[in-house]
Amino acid sequence: MGLIGILVGLSALIYLAFRGSSILLLAPLAGLIAAAFSGEPLLASWTQTFMRNAADFVAQFFPLFLLGALFGKLMEDSGSVTAIANTMTQKLGTRRAILAVVLAGAIVTYGGVSLFVAFFVIAPMGIALFRAAGVPRRLMPAAIALGTSTFTMSAMPGTPSIQNAIPMPFFGTTPFAAPGLGLIASLIMLGFGMWWLKRQEARARARGEGFGPVTEPDNEAAEEAAENPIVRERATTAGPFDPAEIHSSEETQKVPPIFLAALPIIVVIVVNLVMSFAVLPRMDVAFLAQPEWGSSSLSAVGGVWSVMVALLAAILTVIAINFRSVPELRATMTAGANASVLPILSVASLVGFGAIVASLPAFADVRNWVLSIEGGPLVSLAVATNILAALTGSASGGLTIALDALGPTYMKIAAEIGMDPALMHRVAVIGSGTLDSLPHNGAVVTLLSVCGVTHKEGYLDIVMAAVVGALIALAAVIALGTLAGSF
């Protein structure tokens with residue numbers, strides 16, 4: 001009965017979430033359904049298991065959600081994201097329209113800008129560029145997904161994405177875990193995705209397919225998506241930014257020079273690197289072991305601290321550069337802060353649901369099945385994160401659930417066989433960013449809506465660019481990591 005309860009609860013969560021119901025209501029309901037089938041006390045399951053684990057996630061990662069959303073909103077309203085996208089489109093032109101959109105998305109998201117901010121800023125520009133180049137509109141979502149939701153989210157060393165931060169407390173790693181493997185995975189994702197998109201473009205040109213009918217202004221689809229409550233509900237489990245805040249403040253009409261626009265992104269990368277390898281290792285943090293500081297250690301908090309300081313330095317930089325040009329700085333900062341609230345609570349609710357499931361006696365069978373998968377711990381870890389990210393429609397939620405339930409076990413295995421936890425970090429993050437891009441994923445729904453493309457028109461190309469390429473990269477990392485270890 002316990003396994004049946006887990007499946008019923010999970011099915012209810014997936015079905016009702018896909019229909020646009022709030023995850024804040026669904027997650028505890030689904031968890032209580034699973035607990036009821038196992039005969040567990042329902043009130044205690046809600047308050048002692050669900051809420052405590054959800055609260056732990058908020059306590060651990062809310063600073064990253066807050067600073068990430070604030071930085072993204074400042075970069076949007078200062079015109080910095082627009083300036084970077086404009087530069088890419090001007091430098092690469094209509095002959096390389098797809099590459100321009102991919103690189104624009106990659107640059108801003110690797111620099112810490114939320115992928116949802118990138119969606120809403122880059123999509124209208126990309127549509128204009130694709131129309132001028134005669135590239136089918138249906139390829140736009142896949143091009144944006146390749147740049148914003150693949151290698152810069154899960155593979156590039158040092159990426160400040162929340163997905164790259166989640167494994168750090170579990171494995172005691174930094175944002176630069178397994179940098180060589182991460183770079184190889186990034187090249188595979190980018191190379192495969194570009195090959196597919198250029199192939200599709202060539203096939204479209206050969207049969208005379210152009211951009212398609214122009215029935216609305218370039219930004220109309222993005223405007224409608226920002227106000228769509230179903231898009232909002234699905235999006236907030238997929239990224240640390242609430243789309244409802246996109247138009248809560250005014251964007252400057254004066255775009256900054258490209259160097260000043262890119263400087264905050266450079267600051268994120270450099271400060272993250274310096275904090276990870278120079279500052280934190282030299283700090284005396286013995287006080288963390290004391291009970292009043294959570295009986296913790298630098299390995300448990302250092303990675304999160306690095307990203308926090310990097311984002312904070314970038315926020316101060318973008319404010320200093322654009323203090324006079326942002327029309328409503330206070331409104332911009334308020335909108336950025338507000339944009340972090342619903343996402344952190346939505347993902348925390350998924351984590352709470354996972355905690356209830358993991359506490360049930362029947363979950364021992366699930367754990368044993370995962371650990372018994374042939375191919376070694378890297379393969380079983382990849383399978384676990386893939387499945388949970390796919391079922392929840394959230395890379396961050398699925399990854400946290402997997403590591404909450406199995407992280408200590410994998411750390412024990414790593415110690416027994418002498419495996420570097422950094423390798424597990426990179427496999428787990430890449431694994432969470434593959435099958436999460438199923439049709440019900442919030443980022444997929446939002447991206448298609450922003451681009452004015454239906455699932456039927458654009459989803460296959462998203463699968464090839466964002467899922468298949470990532471799976472190939474994941475397989476390569478597992479193979480190389482098994483043979484050569486972490487590097």
# chains A, B, ... in the order shown; residues from 1 in each chain; ligands from 1
call {"tool": "residues_around", "arguments": {"residues": "region 157-159 of chain A", "least_positions_apart": "3", "cutoff": "7 Å", "atoms": "only C-alpha atoms", "output": "ChimeraX atom specification"}}
result
/A:110,152-153,164,175-177,179,182-183,272
call {"tool": "residues_around", "arguments": {"residues": "Ala390 (chain A)", "least_positions_apart": "5", "cutoff": "8 Å", "atoms": "only C-alpha atoms", "output": "compact mmCIF listing (two decimals) with N, CA and C atoms, in the first residue's frame"}}
result
# COMPACT_ATOMS: atom_id res chain seq x y z
N ALA A 395 13.92 21.16 -12.15
CA ALA A 395 15.29 20.68 -11.95
C ALA A 395 15.74 20.89 -10.51
N GLY A 398 13.48 18.56 -8.13
CA GLY A 398 13.86 17.16 -8.26
C GLY A 398 15.24 16.88 -7.71
N LEU A 435 15.79 15.65 -18.30
CA LEU A 435 14.37 15.32 -18.47
C LEU A 435 13.44 16.27 -17.75
N ASP A 436 13.98 17.30 -17.07
CA ASP A 436 13.08 18.29 -16.48
C ASP A 436 12.35 19.07 -17.57
N SER A 437 12.91 19.12 -18.78
CA SER A 437 12.32 19.90 -19.88
C SER A 437 11.23 19.12 -20.61
N LEU A 438 10.35 18.48 -19.85
CA LEU A 438 9.20 17.80 -20.43
C LEU A 438 8.07 18.83 -20.66
call {"tool": "closest_residue", "arguments": {"among": "A:Leu298, A:Val307, A:Leu66, A:Ile246", "to": "Val271 (chain A)", "atoms": "only C-alpha atoms"}}
result
A:Val307
call {"tool": "atom_distance", "arguments": {"atom1": "CA of Ala222 (chain A)", "atom2": "CA of Ala339 (chain A)"}}
result
17.0 Å
call {"tool": "closest_residue", "arguments": {"among": "A:Ser296, A:Thr334, A:Thr400, A:Ser80", "to": "Glu245 (chain A)", "atoms": "only C-alpha atoms"}}
result
A:Thr334
call {"tool": "closest_atom_pairs", "arguments": {"of": "region 210-300 of chain A", "to": "region 198-205 of chain A", "cutoff": "12 Å", "atoms": "only C-alpha atoms", "output": "JSON lines"}}
result
{"residue": "A:Gly210", "atom": "CA", "partner": "A:Arg205", "partner_atom": "CA", "distance": 6.9}
{"residue": "A:Phe211", "atom": "CA", "partner": "A:Ala204", "partner_atom": "CA", "distance": 9.6}
{"residue": "A:Gly212", "atom": "CA", "partner": "A:Ala204", "partner_atom": "CA", "distance": 11.1}
call {"tool": "write_last_selection", "arguments": {"atoms": "all heavy atoms", "output": "PDB file, in the first residue's frame"}}
result
ATOM      1  N   GLY A 210       9.636  30.096 -44.459  1.00  0.00           N
ATOM      2  CA  GLY A 210      10.221  31.299 -43.895  1.00  0.00           C
ATOM      3  C   GLY A 210       9.842  31.482 -42.448  1.00  0.00           C
ATOM      4  O   GLY A 210       9.515  30.525 -41.729  1.00  0.00           O
ATOM      5  N   PHE A 211       9.854  32.730 -41.993  1.00  0.00           N
ATOM      6  CA  PHE A 211       9.560  33.040 -40.597  1.00  0.00           C
ATOM      7  C   PHE A 211       8.146  32.629 -40.218  1.00  0.00           C
ATOM      8  O   PHE A 211       7.896  32.149 -39.115  1.00  0.00           O
ATOM      9  CB  PHE A 211       9.757  34.537 -40.346  1.00  0.00           C
ATOM     10  CG  PHE A 211       9.380  34.977 -38.969  1.00  0.00           C
ATOM     11  CD1 PHE A 211      10.236  34.738 -37.896  1.00  0.00           C
ATOM     12  CD2 PHE A 211       8.168  35.613 -38.720  1.00  0.00           C
ATOM     13  CE1 PHE A 211       9.883  35.146 -36.608  1.00  0.00           C
ATOM     14  CE2 PHE A 211       7.811  36.019 -37.444  1.00  0.00           C
ATOM     15  CZ  PHE A 211       8.676  35.785 -36.384  1.00  0.00           C
ATOM     16  N   GLY A 212       7.225  32.797 -41.151  1.00  0.00           N
ATOM     17  CA  GLY A 212       5.831  32.496 -40.861  1.00  0.00           C
ATOM     18  C   GLY A 212       5.019  33.770 -40.815  1.00  0.00           C
ATOM     19  O   GLY A 212       5.550  34.876 -40.910  1.00  0.00           O
TER      20      GLY A 212
END
call {"tool": "select_by_dssp", "arguments": {"residues": "region 66-256 of chain A", "states": "helix (DSSP H, G or I)", "output": "ChimeraX atom specification"}}
result
/A:66-77,80-92,94-110,115-133,137-148,151-154,162-165,167-171,179-206,220-226,229-235,243-245
call {"tool": "atom_distance", "arguments": {"atom1": "CA of Ser114 (chain A)", "atom2": "CA of Ser299 (chain A)"}}
result
25.9 Å
call {"tool": "atom_distance", "arguments": {"atom1": "CA of Pro281 (chain A)", "atom2": "CA of Thr173 (chain A)"}}
result
12.2 Å
call {"tool": "residues_around", "arguments": {"residues": "Met419 (chain A)", "least_positions_apart": "6", "cutoff": "9 Å", "atoms": "only C-alpha atoms", "output": "mmCIF file with N, CA, C and O atoms, in the first residue's frame"}}
result
data_model
loop_
_atom_site.group_PDB
_atom_site.id
_atom_site.type_symbol
_atom_site.label_atom_id
_atom_site.label_comp_id
_atom_site.auth_asym_id
_atom_site.auth_seq_id
_atom_site.Cartn_x
_atom_site.Cartn_y
_atom_site.Cartn_z
ATOM 1 N N MET A 411 27.405 10.011 -0.464
ATOM 2 C CA MET A 411 28.650 10.466 0.161
ATOM 3 C C MET A 411 29.376 9.303 0.834
ATOM 4 O O MET A 411 30.604 9.202 0.786
ATOM 5 N N ILE A 413 29.134 6.152 -0.106
ATOM 6 C CA ILE A 413 29.675 5.341 -1.199
ATOM 7 C C ILE A 413 30.944 5.976 -1.748
ATOM 8 O O ILE A 413 31.939 5.278 -2.012
ATOM 9 N N GLY A 485 38.119 9.800 -13.323
ATOM 10 C CA GLY A 485 37.828 10.520 -12.108
ATOM 11 C C GLY A 485 37.459 11.970 -12.396
ATOM 12 O O GLY A 485 37.210 12.354 -13.538
ATOM 13 N N SER A 486 37.437 12.777 -11.361
ATOM 14 C CA SER A 486 37.053 14.181 -11.504
ATOM 15 C C SER A 486 38.252 15.017 -11.950
ATOM 16 O O SER A 486 39.371 14.837 -11.482
#
call {"tool": "residues_around", "arguments": {"residues": "Ala143 (chain A)", "least_positions_apart": "2", "cutoff": "9 Å", "atoms": "only C-alpha atoms", "output": "PyMOL selection string"}}
result
chain A and resi 98-99+101-102+105+139-141+145-148+193-194+197+461-462+465
call {"tool": "residues_around", "arguments": {"residues": "Ala382 (chain A)", "least_positions_apart": "3", "cutoff": "10 Å", "atoms": "only C-alpha atoms", "output": "PyMOL selection string"}}
result
chain A and resi 370+377-379+385-387+402+424+426-432+434+471+474-475+478
call {"tool": "residues_around", "arguments": {"residues": "Ala69 (chain A)", "least_positions_apart": "2", "cutoff": "12 Å", "atoms": "only C-alpha atoms", "output": "PyMOL selection string"}}
result
chain A and resi 62-67+71-76+109+112-118+160-162+236+239-243+245-246+311-312+315+332-344
call {"tool": "closest_residue", "arguments": {"among": "A:Val463, A:Ala185, A:Ala262, A:Ala225", "to": "Val477 (chain A)", "atoms": "only C-alpha atoms"}}
result
A:Ala185
call {"tool": "closest_residue", "arguments": {"among": "A:Met308, A:Ala479, A:Ala235, A:Ala364", "to": "Ser22 (chain A)", "atoms": "only C-alpha atoms"}}
result
A:Ala235
